[in-house]
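The block underneath contains the structure these notes are about, expressed in C-alpha cells.
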Amino acid sequence: MISLDFLIYHARIADVFRLRVFDGWVGIRDGRFIYVEEGEPPANIVSKEKRDLDHRILVPGFIDSHMHIESSQVTPRRFAQAVLPHGTTTVLADAHEVANVAGEEGVRWMIHAAKDLPLRIYHAIPSCVPATSPELEWTKTVFDAGVIVKLAQEPGVIALGEVMDYAGVLADSPRLNRLVEAAHQAGLMVEGHIPTLYGTDLSQYLSWRVTSDHTLTTPEKIREQVSKGLAVMLQTKSCTPENIAAVMELADRSRILLVTDDIEPSLLIKGHLSLIIKLAIDAGMPRIEAIASATIRPARYLNLRDLGGIAPGFRADFVVMNDLAIFPPSQVFVAGQCVAADGKFADTALPDLPALPSNSKLPGPFSSNDFRLTSDGVTQVIANTVVLVSATASTTDLVQIPIQIDNGYPRLDETLALVAVIARNGSSKSIGIIKDFGLRDGAVASSFAHDSHNLLVVGHDANDMAIAANTVREIGGGVIVVRSGQVIATLHLSIFGLISDAPLEDIVPEFDRLETALRDLGVRHQRPFLMLSLLALSVSPKFKFTDKGVIDTEARRLLPPW
C-alpha cells in the first residue's frame with residue numbers, strides 16, 4: 001500500500017532535465033514529490049486527494065534569480081500576492097533600494113517582512129551602498145565588510161547582491177575587496193553587474209569570483225561571458241532574436257537564465273517572470289528551453305538543490321498549464337498547496353508587516369528660487385548637458401550647449417529640461433540640464449530615483465518644480481506630476497519613500513495615471529517612470545545626475561553641470 005497526500009494523474013509533465021514533456025503521474029507527501037512516473041499510477045495507491053489533470057501540463061514553479069522587490073513599489077507581502085498567480089514561486093531579492101535609504105535596519109526589515117509568505121524569498125545583501133562612493137553622491141550609510149558579516153546571519157541570505165561599482169573593482173578598491181571577501185568567507189555567492197567590460201578587464205572583474213551578469217547583452221558578450229564561466233541572465237531588454245539565436249548555438253545552455261530585475265506595477269499586474277519567458281519564446285527560444293531557463297537552471301545557479309524540477313524528493317512547487325506558452329497558469333502550488341488559481345491569489349491571510357525603523361525624511365520645503373541655475377548675475381552658461389540617446393534604452397551621452405540665463409533661470413526650448421537632485425538630508429544639491437528627455441512643460445518630482453533615492457525633480461518651470469517637490473514631501477514619499485501649478489498625477493510611496501503596502505490593484509491605477517501624465521507632458525521613453533528613475537543612477541552608462549553634479553559613470557568622476 002502506497003500512502004500519499006496528493007495524487008495527480010493523466011498529466012503531461014515538463015521534464016526540464018531532458019527538455020521534453022511526457023505523459024505520467026506524480027505523488028506528493030509532506031510537501032515534496034515522492035513519485036514522478038510515466039504512464040498510469042498503480043492500483044495500490046491510497047491518497048487523501050486525487051486529481052485527474054486531463055492531460056494538462058505540470059511545470060515546475062518559476063524561479064527569478066535576480067530581482068528587486070522595491071522596483072515594483074510594493075512590500076514583500078503584496079509582491080507575493082501579485083506574482084504567485086503568474087507562476088513565480090521563488091525569488092532572490094536584492095533590497096539595495098531600501099538599503100541606500102534606510103541602511104542595515106532597512107534590509108533587516110525587508111528580510112523580516114518576507115518571512116512566512118507562500119512565496120519563497122531568498123535574499124542577496126546589497127553590495128553597493130552607495131552604488132559608487134560618498135564623494136560622488138549622498139547616501140544614508142556605507143556598507144562595509146562588518147555589515148556583510150552581520151546580515152549574512154539573517155535567514156534566507158544566500159548571496160551578495162550585484163557588485164555594480166566595476167570601476168572600483170578594477171581599481172582594487174580596499175573597501176570593496178574586504179566586502180567581497182567577507183561575502184566569500186560567509187559562504188555567499190557574489191552577483192555581478194557588468195554592462196561594458198570585456199577582455200582583460202572582464203577577467204580581472206571575474207577574478208573576484210563573481211557568478212553572474214544581468215545587464216544588457218549582445219551575442220558577442222554572451223559568448224565571452226559563457227566561456228569565462230558566468231551565468232548569463234536575460235531580462236526584457238536582452239530577449240532579442242539575435243541574442244536568443246546566440247544562446248541556441250551554445251552546446252551547453254545550463255547557465256542561461258531568465259530574470260526580471262526591475263518590473264513596474266503596470267507590467268506586474270500582467271505577469272512576472274512569465275512575461276520574460278514569453279518574450280524569450282517569441283524571440284525564438286523553444287518553449288521547453290525557456291521553461292528550463294526559468295526553473296531548473298536558476299535553481300542550480302542558486303544552489304537550491306531541491307527546487308526547479310518535478311522529480312522525487314524535490315519540493316512540490318509547480319504550476320498547472322494548458323500549454324507551455326499560455327499564461328497565467330490555471331493553478332499554482334507551493335509545497336503541494338494551491339496558492340493561486342485562474343490568475344488570482346488564493347484567499348490566504350498574509351502576515352502583518354514588522355514595525356518600521358525610523359523612516360527617512362525628505363528635504364524641503366522649497367521655493368522656485370531653489371531651482372535657479374545660478375544666482376550670480378551670469379547671462380549665459382555652457383551646460384554639460386546629458387542627452388537621452390533613445391526611447392527604448394537608458395544609455396545617455398553628453399554635449400555642451402550654450403544656455404541663456406534670465407535672472408538665474410535658464411531659457412529652455414522644448415528639447416531641454418532642468419534636472420535637480422537634492423540629498424535626502426538636504427545637505428547638497430545640483431541642478432543640470434537634460435536634452436531629449438521630452439518633458440516640454442510642467443514638472444515631476446520623485447523620491448524613487450535609483451539607487452541612492454535622493455529627491456529627483458525634472459521640469460520646465462521652477463514654480464512647478466517647487467510645488468512637485470513640496471507635495472512629495474507632504475505625502476511622505478512618492479511621485480508627483482505638476483502642470484501650470486496643479487498636481488495632475490500622484491503615486492503614493494509612504495514606506496521609505498519607495499514602496500506601498502496597498503494591494504497592487506490599487507497602485508496600478510495611480511501608476512498608469514502617472515505614466516499617462518508624463519507622456520502628455522512630452523516624455524518620449526517607452527517606459528517613462530523607469531527612465532525617470534534612472535536619471536540619477538550613477539552606474540548606468542554613460543552620464544547621469546547626482547546631488548554633487550553630472551557624473552561620468554564610466555570614468556567615475558564628477559563634472560560641473562555648467
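Letters A, B, ... go to the chains of the C-alpha cells in the order shown; residues in each chain start at 1; ligands are counted from 1 in the same order.
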Surrounding residues of Pro42 in chain A excluding itself and chain neighbours under 5 positions, 12 Å, only C-alpha atoms, as a PyMOL selection string: chain A and resi 1-3+7+9+24-27+35+37+47
Write to file, as a short mmCIF file (atom, residue, chain, number, x, y, z; two decimals), in the first residue's frame, the residues of the selection just made, with C-alpha atoms.
```cif
data_model
loop_
_atom_site.label_atom_id
_atom_site.label_comp_id
_atom_site.auth_asym_id
_atom_site.auth_seq_id
_atom_site.Cartn_x
_atom_site.Cartn_y
_atom_site.Cartn_z
CA MET A 1 0.00 0.00 0.00
CA ILE A 2 1.36 3.44 -1.04
CA SER A 3 0.06 6.36 1.05
CA LEU A 7 -2.08 12.05 -6.39
CA TYR A 9 -2.60 11.57 -12.86
CA GLY A 24 2.59 10.41 -16.42
CA TRP A 25 1.62 10.90 -12.80
CA VAL A 26 3.04 12.35 -9.59
CA GLY A 27 2.56 11.56 -5.92
CA TYR A 35 6.82 9.68 -7.20
CA GLU A 37 6.45 8.38 -13.15
CA SER A 47 -4.23 9.27 -1.36
#
```
All alpha helix (DSSP H) residues (DSSP, backbone) inside range 277-384 of chain A, as a PyMOL selection string: chain A and resi 277-282+287-292+296-301
Point-to-point distance from CA of Arg32 in chain A to CA of Leu92 in chain A, Å rounded to tenths: 21.2 Å
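Rounded to one decimal, CA of Ala489 in chain A and CA of Thr516 in chain A lie 8.8 Å from each other.
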Find the nearest atom pair between each residue of range 107-216 of chain A and range 53-75 of chain A for residues within 9 Å, count only C-alpha atoms, give distances in Å to one decimal, sort rows by chain and ascending number, and present the table as CSV.
```
residue,atom,partner,partner_atom,distance
A:Met110,CA,A:Thr75,CA,8.0
A:Ala113,CA,A:Thr75,CA,7.6
A:Ala114,CA,A:Thr75,CA,8.5
A:Gly161,CA,A:His66,CA,8.8
A:Glu162,CA,A:His66,CA,9.0
A:Glu191,CA,A:His66,CA,8.8
A:His214,CA,A:His66,CA,7.7
```
Which residue of A:Ala102, A:Leu170, A:Val389, A:Val479 approaches Lys435 in chain A most closely, using only C-alpha atoms: A:Val389
Write out as a compact mmCIF listing (two decimals) with N, CA, C and O atoms, in the first residue's frame each polymer residue whose atoms come within 12 Å of Pro509 in chain A, counting only C-alpha atoms; drop sequence neighbours fewer than 4 positions from it.
```
# COMPACT_ATOMS: atom_id res chain seq x y z
N PRO A 265 4.69 48.32 -11.59
CA PRO A 265 3.37 47.80 -11.26
C PRO A 265 2.48 47.55 -12.47
O PRO A 265 1.74 46.56 -12.52
N SER A 266 2.53 48.44 -13.47
CA SER A 266 1.65 48.29 -14.62
C SER A 266 1.97 47.05 -15.44
O SER A 266 1.10 46.50 -16.12
N LEU A 267 3.22 46.58 -15.36
CA LEU A 267 3.59 45.33 -16.01
C LEU A 267 3.34 44.14 -15.10
O LEU A 267 2.92 43.08 -15.54
N ILE A 269 1.06 43.54 -13.02
CA ILE A 269 -0.32 43.07 -12.98
C ILE A 269 -0.63 42.19 -14.18
O ILE A 269 -1.59 41.40 -14.16
N ALA A 489 -1.01 64.19 -11.24
CA ALA A 489 -0.85 62.76 -11.01
C ALA A 489 -0.04 62.54 -9.73
O ALA A 489 0.90 63.29 -9.45
N THR A 490 -0.43 61.51 -8.97
CA THR A 490 0.22 61.20 -7.69
C THR A 490 0.40 59.70 -7.56
O THR A 490 -0.54 58.94 -7.78
N LEU A 491 1.61 59.29 -7.19
CA LEU A 491 1.88 57.90 -6.81
C LEU A 491 2.36 57.91 -5.37
O LEU A 491 3.40 58.47 -5.06
N HIS A 492 1.57 57.31 -4.46
CA HIS A 492 1.88 57.32 -3.03
C HIS A 492 2.85 56.18 -2.69
O HIS A 492 2.53 55.01 -2.93
N ALA A 502 -0.25 49.03 -0.17
CA ALA A 502 -1.55 48.89 -0.81
C ALA A 502 -1.54 47.70 -1.77
O ALA A 502 -0.49 47.36 -2.33
N PRO A 503 -2.66 47.03 -1.97
CA PRO A 503 -2.72 45.96 -2.97
C PRO A 503 -2.33 46.50 -4.34
O PRO A 503 -2.57 47.67 -4.67
N LEU A 504 -1.75 45.64 -5.16
CA LEU A 504 -1.30 46.05 -6.49
C LEU A 504 -2.44 46.67 -7.29
O LEU A 504 -2.24 47.62 -8.05
N GLU A 505 -3.65 46.14 -7.12
CA GLU A 505 -4.80 46.65 -7.87
C GLU A 505 -5.08 48.12 -7.54
O GLU A 505 -5.67 48.83 -8.36
N ARG A 513 -1.89 56.50 -14.32
CA ARG A 513 -2.14 57.93 -14.46
C ARG A 513 -0.84 58.73 -14.47
O ARG A 513 -0.70 59.72 -15.20
N LEU A 514 0.13 58.26 -13.65
CA LEU A 514 1.44 58.91 -13.63
C LEU A 514 2.11 58.83 -15.00
O LEU A 514 2.59 59.84 -15.54
N GLU A 515 2.17 57.64 -15.57
CA GLU A 515 2.83 57.48 -16.87
C GLU A 515 2.08 58.23 -17.97
O GLU A 515 2.70 58.80 -18.87
N THR A 516 0.77 58.23 -17.91
CA THR A 516 -0.01 58.99 -18.89
C THR A 516 0.31 60.48 -18.79
O THR A 516 0.49 61.17 -19.81
```
Long-range neighbours of Phe22 in chain A as an MDAnalysis selection string, 8 Å cut-off, only C-alpha atoms, 3 positions minimum in chain: chainID A and resid 12:15 38
Residue among A:Ile310, A:Arg223, A:Leu258, A:Val46 lying closest to Val21 in chain A, counting only C-alpha atoms: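 Selected residue with least distance to Val21 in chain A: A:Ile310.
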Residue nearest Ile401 in chain A - candidates A:Tyr301, A:Asp201, A:Asp461, A:Pro561, atoms counted: only C-alpha atoms: A:Pro561
Counting only C-alpha atoms, the option among A:Gly103, A:Gly343, A:Pro351, A:Gly168 closest to Ser133 in chain A: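 The closest residue to Ser133 in chain A is A:Gly168.
Between CA of Ser394 in chain A and CA of Lys228 in chain A there is a distance of 26.7 Å.
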DSSP-assigned strand (DSSP E or B) members of range 125-242 of chain A, reported as a list in words: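 Secondary structure check on range 125-242 of chain A, strand (DSSP E or B): Ile125, Val157, Ile158, Ala159, Leu160, Gly161, Glu162, Val163, Met189, Val190, Glu191, Gly192, Ser212, Asp213, Ala231, Val232, Met233 and Leu234 of chain A.
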Near-Leu535 in chain A list (8 Å; only C-alpha atoms; drop same-chain fewer than 6 positions) as a VMD selection string: chain A and resid 449 to 450 544 to 545
Option closest in space to Met321 in chain A, from A:Ala555, A:Leu302, A:Val444, A:Ala341 [counting only C-alpha atoms]: A:Ala341
Near-Lys48 in chain A list (8 Å; only C-alpha atoms; drop same-chain fewer than 5 positions) as a PyMOL selection string: chain A and resi 4-6
Requested write-out: C-alpha atoms of the selected residues, as a PDB file, in the first residue's frame:
```
ATOM      1  CA  LEU A   4       0.093   9.912  -0.342  1.00  0.00           C
ATOM      2  CA  ASP A   5      -1.320  13.351   0.408  1.00  0.00           C
ATOM      3  CA  PHE A   6      -1.963  14.182  -3.240  1.00  0.00           C
TER       4      PHE A   6
END
```
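For Val142 in chain A, the list of residues within 12 Å, based on only C-alpha atoms and with local chain neighbours fewer than 4 positions off taken out, reads His96, Ala99, Asn100, Val101, Ala102, Gly103, Glu104, Pro126, Ser127, Cys128, Val129, Pro130, Ala131, Thr132, Ser133, Pro134, Glu135, Glu137, Trp138, Gly146, Val147, Ile148, Arg175, Leu176, Leu179 and Ser452 of chain A.
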